[in-house]
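Chemist: Sharing a structure below in structure tokens format, with a few things to ask.
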Amino acid sequence: MGDYHFVYKDVEGASTQWDDIQRKLGNLPPKPPAFKPAPFTPSEDQNSNSKSKDKDWIDDKTQDELDDLEDDPDLNDDRFLQEYRMKRLAEMKEVAKVVRFGSVIPISGSDFVREVSQAPEDIWVVVLLYKDGYSGCQILLQCLEELATKYPATKFVKIISTDCIPNYPDCNLPTVLVYNNSALKSNYVGLHSFGRRCTPEGVALTLCQSDPVLNDGCSRQGQSREAVLDGVRKRFLEKVVAAHEDDDGSSSD
């Protein structure tokens with residue numbers, strides 16, 4: 001009776017011990033590697049533009065887009081939401097750090113040193129010397145009040161001229177003093193210092209001719225004078241365009 005060699009295969013197709021011996025002797029080809037499926041990779045979300053919802057993805061969003069994301073029902077990724085919350089919290093903390101004024105603050109002579117000379121070194125202070133009953137003072141005050149709302153990180157104060165400087169001549173009113181880091185940086189005597197027509201934009205451009213006086217509280221700290229002037233000009237152009245659009249709308253009616 002001849003020799004019979006039975007070769008058994010298990011359910012997975014692996015070779016028997018006999019096959020292993022034959023392979024060691026070189027009588028059978030090497031055993032093929034075991035099949036391993038490729039690791040699972042989730043498909044890209046078509047709405048994500050091939051970018052994961054991480055901090056970089058958040059940084060690319062505008063403020064309006066970030067506000068819209070708060071109501072997006074598709075954003076159920078806890079990790080993303082945590083990143084988003086952290087970013088918003090950091091932004092809120094940065095805003096809170098910025099000293100905000102937002103109006104022209106009335107001061108007396110006894111307040112001057114504390115409110116002006118001793119102001120923090122990173123704060124620009126614009127001081128209006130005025131007296132009631134002078135039309136030029138009222139015109140300039142209205143301009144400064146508008147600038148104070150647009151540039152709330154710059155401190156604007158007003159003081160009766162003779163409370164600040166005894167016997168200060170009324171013919172010099174209105175007068176504007178600009179302080180920074182306890183030092184007087186510039187002064188403007190008379191309404192004519194701000195051009196033939198005193199406007200908020202003209203006053204802003206004049207104040208920033210020598211130094212970056214105006215700070216809106218949102219721009220990068222320590223901006224150059226040129227950067228601040230560019231911002232002032234941009235605001236002026238936006239105002240002009242808006243005025244023309246309003247005129248076109250009213251004429252069409």
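Every chain in the structure tokens takes a letter, A first, then B, and so on in the order presented; its residues are numbered from 1, and the ligands are numbered from 1 following the presented order.
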Do a neighbour search on Cys143 in chain A at 10 Å with only C-alpha atoms, toss out local chain neighbours closer than 2 positions, and write the hits as number ranges by chain.

Modeler: A: 138-141, 145-148, 198-204

Chemist: Nearest residue to Leu205 in chain A out of A:Val189, A:Val232, A:Ala153, A:Ala183, using only C-alpha atoms?

Modeler: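 Smallest separation from Leu205 in chain A among the options: A:Val232.
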
Chemist: Give me the residues near Lys131 in chain A as a list in words, where near means some atom within 9 Å (using only C-alpha atoms) and where sequence neighbours in that chain fewer than 6 positions away do not count.

Modeler: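 The residues that qualify are Cys137, Gln138, Ile159, Ile160, Ser161, Thr162, Asp170, Leu173 and Pro174 of chain A.
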
Chemist: Put those residues in a file: all heavy atoms, as an mmCIF file, in the first residue's frame.

Modeler:
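result_5.cif, freshly written:
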data_model
loop_
_atom_site.group_PDB
_atom_site.id
_atom_site.type_symbol
_atom_site.label_atom_id
_atom_site.label_comp_id
_atom_site.auth_asym_id
_atom_site.auth_seq_id
_atom_site.Cartn_x
_atom_site.Cartn_y
_atom_site.Cartn_z
ATOM 1 N N CYS A 137 -15.746 126.059 19.743
ATOM 2 C CA CYS A 137 -15.566 124.983 20.730
ATOM 3 C C CYS A 137 -16.635 123.910 20.558
ATOM 4 O O CYS A 137 -16.352 122.708 20.641
ATOM 5 C CB CYS A 137 -15.629 125.550 22.146
ATOM 6 S SG CYS A 137 -14.263 126.662 22.562
ATOM 7 N N GLN A 138 -17.878 124.349 20.284
ATOM 8 C CA GLN A 138 -18.965 123.388 20.121
ATOM 9 C C GLN A 138 -18.783 122.551 18.863
ATOM 10 O O GLN A 138 -19.033 121.336 18.862
ATOM 11 C CB GLN A 138 -20.310 124.130 20.058
ATOM 12 C CG GLN A 138 -21.527 123.218 20.021
ATOM 13 C CD GLN A 138 -21.612 122.309 21.233
ATOM 14 O OE1 GLN A 138 -21.225 122.698 22.336
ATOM 15 N NE2 GLN A 138 -22.105 121.092 21.028
ATOM 16 N N ILE A 159 -11.839 120.099 29.222
ATOM 17 C CA ILE A 159 -11.653 120.873 30.441
ATOM 18 C C ILE A 159 -11.793 122.354 30.108
ATOM 19 O O ILE A 159 -11.323 122.805 29.038
ATOM 20 C CB ILE A 159 -10.272 120.570 31.082
ATOM 21 C CG1 ILE A 159 -10.087 121.374 32.371
ATOM 22 C CG2 ILE A 159 -9.139 120.827 30.107
ATOM 23 C CD1 ILE A 159 -8.829 120.973 33.154
ATOM 24 N N ILE A 160 -12.436 123.096 30.975
ATOM 25 C CA ILE A 160 -12.549 124.539 30.772
ATOM 26 C C ILE A 160 -11.142 125.133 30.756
ATOM 27 O O ILE A 160 -10.303 124.822 31.615
ATOM 28 C CB ILE A 160 -13.410 125.167 31.874
ATOM 29 C CG1 ILE A 160 -14.850 124.647 31.756
ATOM 30 C CG2 ILE A 160 -13.387 126.687 31.788
ATOM 31 C CD1 ILE A 160 -15.765 125.103 32.864
ATOM 32 N N SER A 161 -10.874 125.945 29.770
ATOM 33 C CA SER A 161 -9.502 126.396 29.482
ATOM 34 C C SER A 161 -8.814 127.015 30.701
ATOM 35 O O SER A 161 -7.661 126.698 31.003
ATOM 36 C CB SER A 161 -9.521 127.400 28.334
ATOM 37 O OG SER A 161 -10.377 128.504 28.648
ATOM 38 N N THR A 162 -9.519 127.891 31.404
ATOM 39 C CA THR A 162 -8.882 128.576 32.537
ATOM 40 C C THR A 162 -8.753 127.678 33.772
ATOM 41 O O THR A 162 -7.998 128.019 34.692
ATOM 42 C CB THR A 162 -9.683 129.843 32.895
ATOM 43 O OG1 THR A 162 -11.078 129.522 33.015
ATOM 44 C CG2 THR A 162 -9.495 130.909 31.821
ATOM 45 N N ASP A 170 -8.982 133.638 25.571
ATOM 46 C CA ASP A 170 -10.148 133.086 24.885
ATOM 47 C C ASP A 170 -9.953 133.059 23.371
ATOM 48 O O ASP A 170 -10.574 132.241 22.672
ATOM 49 C CB ASP A 170 -11.396 133.900 25.208
ATOM 50 C CG ASP A 170 -11.820 133.738 26.668
ATOM 51 O OD1 ASP A 170 -11.322 132.797 27.328
ATOM 52 O OD2 ASP A 170 -12.659 134.544 27.143
ATOM 53 N N LEU A 173 -9.136 129.738 21.731
ATOM 54 C CA LEU A 173 -10.079 128.615 21.811
ATOM 55 C C LEU A 173 -10.704 128.327 20.445
ATOM 56 O O LEU A 173 -10.905 129.249 19.652
ATOM 57 C CB LEU A 173 -11.180 128.939 22.830
ATOM 58 C CG LEU A 173 -10.708 129.148 24.266
ATOM 59 C CD1 LEU A 173 -11.899 129.481 25.172
ATOM 60 C CD2 LEU A 173 -9.966 127.929 24.794
ATOM 61 N N PRO A 174 -10.997 127.040 20.193
ATOM 62 C CA PRO A 174 -10.666 125.877 21.027
ATOM 63 C C PRO A 174 -9.204 125.478 20.832
ATOM 64 O O PRO A 174 -8.610 125.732 19.790
ATOM 65 C CB PRO A 174 -11.595 124.792 20.484
ATOM 66 C CG PRO A 174 -11.756 125.139 19.028
ATOM 67 C CD PRO A 174 -11.751 126.638 18.969
#

Chemist: Quick one: distance from CA of Val157 in chain A to CA of Leu128 in chain A in Å, one decimal?

Modeler: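 Separation of CA of Val157 in chain A and CA of Leu128 in chain A: 6.3 Å.
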
Chemist: To one decimal place, how far is CA of Ile105 in chain A from CA of Phe156 in chain A in Å?

Modeler: 6.2 Å

Chemist: I need the residue nearest Val113 in chain A from this list: A:Ser182, A:His192, A:Arg100, A:Lys87. Use only C-alpha atoms for the distance.

Modeler: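 Of A:Ser182, A:His192, A:Arg100, A:Lys87, the one nearest Val113 in chain A is A:Ser182, counting only C-alpha atoms.
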
Chemist: Could you name the residues that touch Val228 in chain A at 10 Å or less, counting only C-alpha atoms, but leaving out those on the same chain fewer than 5 positions away, as a list in words?

Modeler: Ala204, Leu205, Cys208, Gln209, Asp211, Pro212, Val213, Leu214, Asn215, Asp216, Ser219, Gly222, Gln223, Arg233 and Lys234 of chain A

Chemist: Please write the residues from the selection above to a file, keeping all heavy atoms, as a CSV table (one decimal), in the first residue's frame.

Modeler:
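See out_8.csv below for the written result:
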chain,number,residue,atom,x,y,z
A,204,ALA,N,-9.4,113.9,12.6
A,204,ALA,CA,-8.7,112.6,12.7
A,204,ALA,C,-7.4,112.6,12.0
A,204,ALA,O,-6.3,112.2,12.5
A,204,ALA,CB,-9.5,111.4,12.3
A,205,LEU,N,-7.4,113.1,10.7
A,205,LEU,CA,-6.2,113.2,9.9
A,205,LEU,C,-5.2,114.1,10.5
A,205,LEU,O,-4.0,113.8,10.5
A,205,LEU,CB,-6.5,113.6,8.5
A,205,LEU,CG,-7.3,112.6,7.7
A,205,LEU,CD1,-7.7,113.2,6.3
A,205,LEU,CD2,-6.4,111.3,7.4
A,208,CYS,N,-3.4,112.6,13.6
A,208,CYS,CA,-2.4,111.5,13.3
A,208,CYS,C,-1.3,111.9,12.4
A,208,CYS,O,-0.6,111.0,11.9
A,208,CYS,CB,-3.2,110.3,12.7
A,208,CYS,SG,-4.4,109.6,13.9
A,209,GLN,N,-1.1,113.2,12.1
A,209,GLN,CA,-0.1,113.6,11.2
A,209,GLN,C,1.3,113.3,11.7
A,209,GLN,O,2.2,113.0,11.0
A,209,GLN,CB,-0.2,115.1,10.9
A,209,GLN,CG,-1.3,115.5,9.9
A,209,GLN,CD,-1.2,114.8,8.6
A,209,GLN,OE1,-0.1,114.7,8.0
A,209,GLN,NE2,-2.3,114.2,8.1
A,211,ASP,N,1.8,111.4,15.0
A,211,ASP,CA,1.8,110.2,15.9
A,211,ASP,C,0.5,109.4,15.7
A,211,ASP,O,-0.5,109.9,15.2
A,211,ASP,CB,1.9,110.6,17.3
A,211,ASP,CG,3.2,111.4,17.6
A,211,ASP,OD1,4.3,110.7,17.6
A,211,ASP,OD2,3.1,112.6,17.9
A,212,PRO,N,0.6,108.1,16.0
A,212,PRO,CA,-0.6,107.2,15.9
A,212,PRO,C,-1.5,107.4,17.1
A,212,PRO,O,-1.7,106.5,17.9
A,212,PRO,CB,0.1,105.8,15.9
A,212,PRO,CG,1.3,105.9,16.7
A,212,PRO,CD,1.8,107.3,16.4
A,213,VAL,N,-2.2,108.6,17.1
A,213,VAL,CA,-3.0,109.0,18.3
A,213,VAL,C,-4.2,108.1,18.4
A,213,VAL,O,-4.6,107.8,19.5
A,213,VAL,CB,-3.3,110.5,18.1
A,213,VAL,CG1,-4.2,110.9,19.3
A,213,VAL,CG2,-2.0,111.3,18.1
A,214,LEU,N,-4.9,107.8,17.3
A,214,LEU,CA,-6.2,107.2,17.4
A,214,LEU,C,-6.1,105.7,17.4
A,214,LEU,O,-5.3,105.1,16.6
A,214,LEU,CB,-7.0,107.6,16.2
A,214,LEU,CG,-7.3,109.1,16.1
A,214,LEU,CD1,-8.1,109.5,14.9
A,214,LEU,CD2,-7.9,109.6,17.4
A,215,ASN,N,-6.8,105.0,18.3
A,215,ASN,CA,-6.8,103.6,18.5
A,215,ASN,C,-8.2,103.1,18.6
A,215,ASN,O,-8.9,103.5,19.5
A,215,ASN,CB,-6.0,103.2,19.7
A,215,ASN,CG,-5.8,101.7,19.9
A,215,ASN,OD1,-6.5,100.9,19.3
A,215,ASN,ND2,-4.9,101.3,20.8
A,216,ASP,N,-8.7,102.2,17.7
A,216,ASP,CA,-10.0,101.7,17.7
A,216,ASP,C,-10.3,100.6,18.7
A,216,ASP,O,-11.4,100.1,18.8
A,216,ASP,CB,-10.5,101.4,16.3
A,216,ASP,CG,-9.7,100.3,15.7
A,216,ASP,OD1,-8.9,99.7,16.3
A,216,ASP,OD2,-9.9,100.0,14.4
A,219,SER,N,-7.6,97.0,16.3
A,219,SER,CA,-6.4,96.8,15.5
A,219,SER,C,-5.2,96.4,16.4
A,219,SER,O,-5.2,96.5,17.6
A,219,SER,CB,-6.0,98.1,14.8
A,219,SER,OG,-7.1,98.6,14.0
A,222,GLY,N,0.4,99.0,19.0
A,222,GLY,CA,1.7,99.5,18.5
A,222,GLY,C,1.8,99.7,17.0
A,222,GLY,O,2.8,99.6,16.4
A,223,GLN,N,0.6,100.1,16.4
A,223,GLN,CA,0.6,100.3,15.0
A,223,GLN,C,1.4,101.6,14.6
A,223,GLN,O,1.5,102.5,15.4
A,223,GLN,CB,-0.8,100.5,14.5
A,223,GLN,CG,-1.6,99.2,14.3
A,223,GLN,CD,-2.9,99.5,13.6
A,223,GLN,OE1,-3.0,99.0,12.5
A,223,GLN,NE2,-3.8,100.3,14.1
A,233,ARG,N,-8.3,107.0,6.7
A,233,ARG,CA,-8.7,107.3,5.3
A,233,ARG,C,-9.7,106.3,4.8
A,233,ARG,O,-10.7,106.6,4.1
A,233,ARG,CB,-7.4,107.2,4.4
A,233,ARG,CG,-6.4,108.4,4.7
A,233,ARG,CD,-5.4,108.4,3.6
A,233,ARG,NE,-4.3,109.3,3.9
A,233,ARG,CZ,-3.1,109.0,4.4
A,233,ARG,NH1,-2.8,107.7,4.6
A,233,ARG,NH2,-2.2,109.9,4.7
A,234,LYS,N,-9.5,105.0,5.3
A,234,LYS,CA,-10.5,104.0,4.9
A,234,LYS,C,-11.9,104.3,5.5
A,234,LYS,O,-12.9,104.2,4.8
A,234,LYS,CB,-10.0,102.6,5.4
A,234,LYS,CG,-11.0,101.5,5.0
A,234,LYS,CD,-10.4,100.1,5.5
A,234,LYS,CE,-11.4,99.0,5.2
A,234,LYS,NZ,-10.9,97.7,5.7

Chemist: Choose the residue, out of A:Asp19, A:Tyr130, A:Ser135, A:Lys24, that has the smallest atom-to-atom separation from Tyr168 in chain A; count only C-alpha atoms.

Modeler: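 Ranked by minimum distance to Tyr168 in chain A, first place goes to A:Tyr130.
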
Chemist: I'd like the neighbourhood of Pro30 in chain A as an MDAnalysis selection string, where a residue qualifies if any of its atoms comes within 12 Å (using only C-alpha atoms), though same-chain residues fewer than 6 positions away should be ignored.

Modeler: chainID A and resid 15 19:24

Chemist: Okay, now the selection with C-alpha atoms, as a PDB file, in the first residue's frame?

Modeler:
ATOM      1  CA  SER A  15      -1.293  25.442   5.573  1.00  0.00           C
ATOM      2  CA  ASP A  19       3.201  22.133   4.283  1.00  0.00           C
ATOM      3  CA  ASP A  20       5.401  24.022   6.700  1.00  0.00           C
ATOM      4  CA  ILE A  21       7.931  21.151   6.702  1.00  0.00           C
ATOM      5  CA  GLN A  22       7.907  20.984   2.905  1.00  0.00           C
ATOM      6  CA  ARG A  23       8.521  24.731   2.685  1.00  0.00           C
ATOM      7  CA  LYS A  24      11.521  24.421   4.989  1.00  0.00           C
TER       8      LYS A  24
END
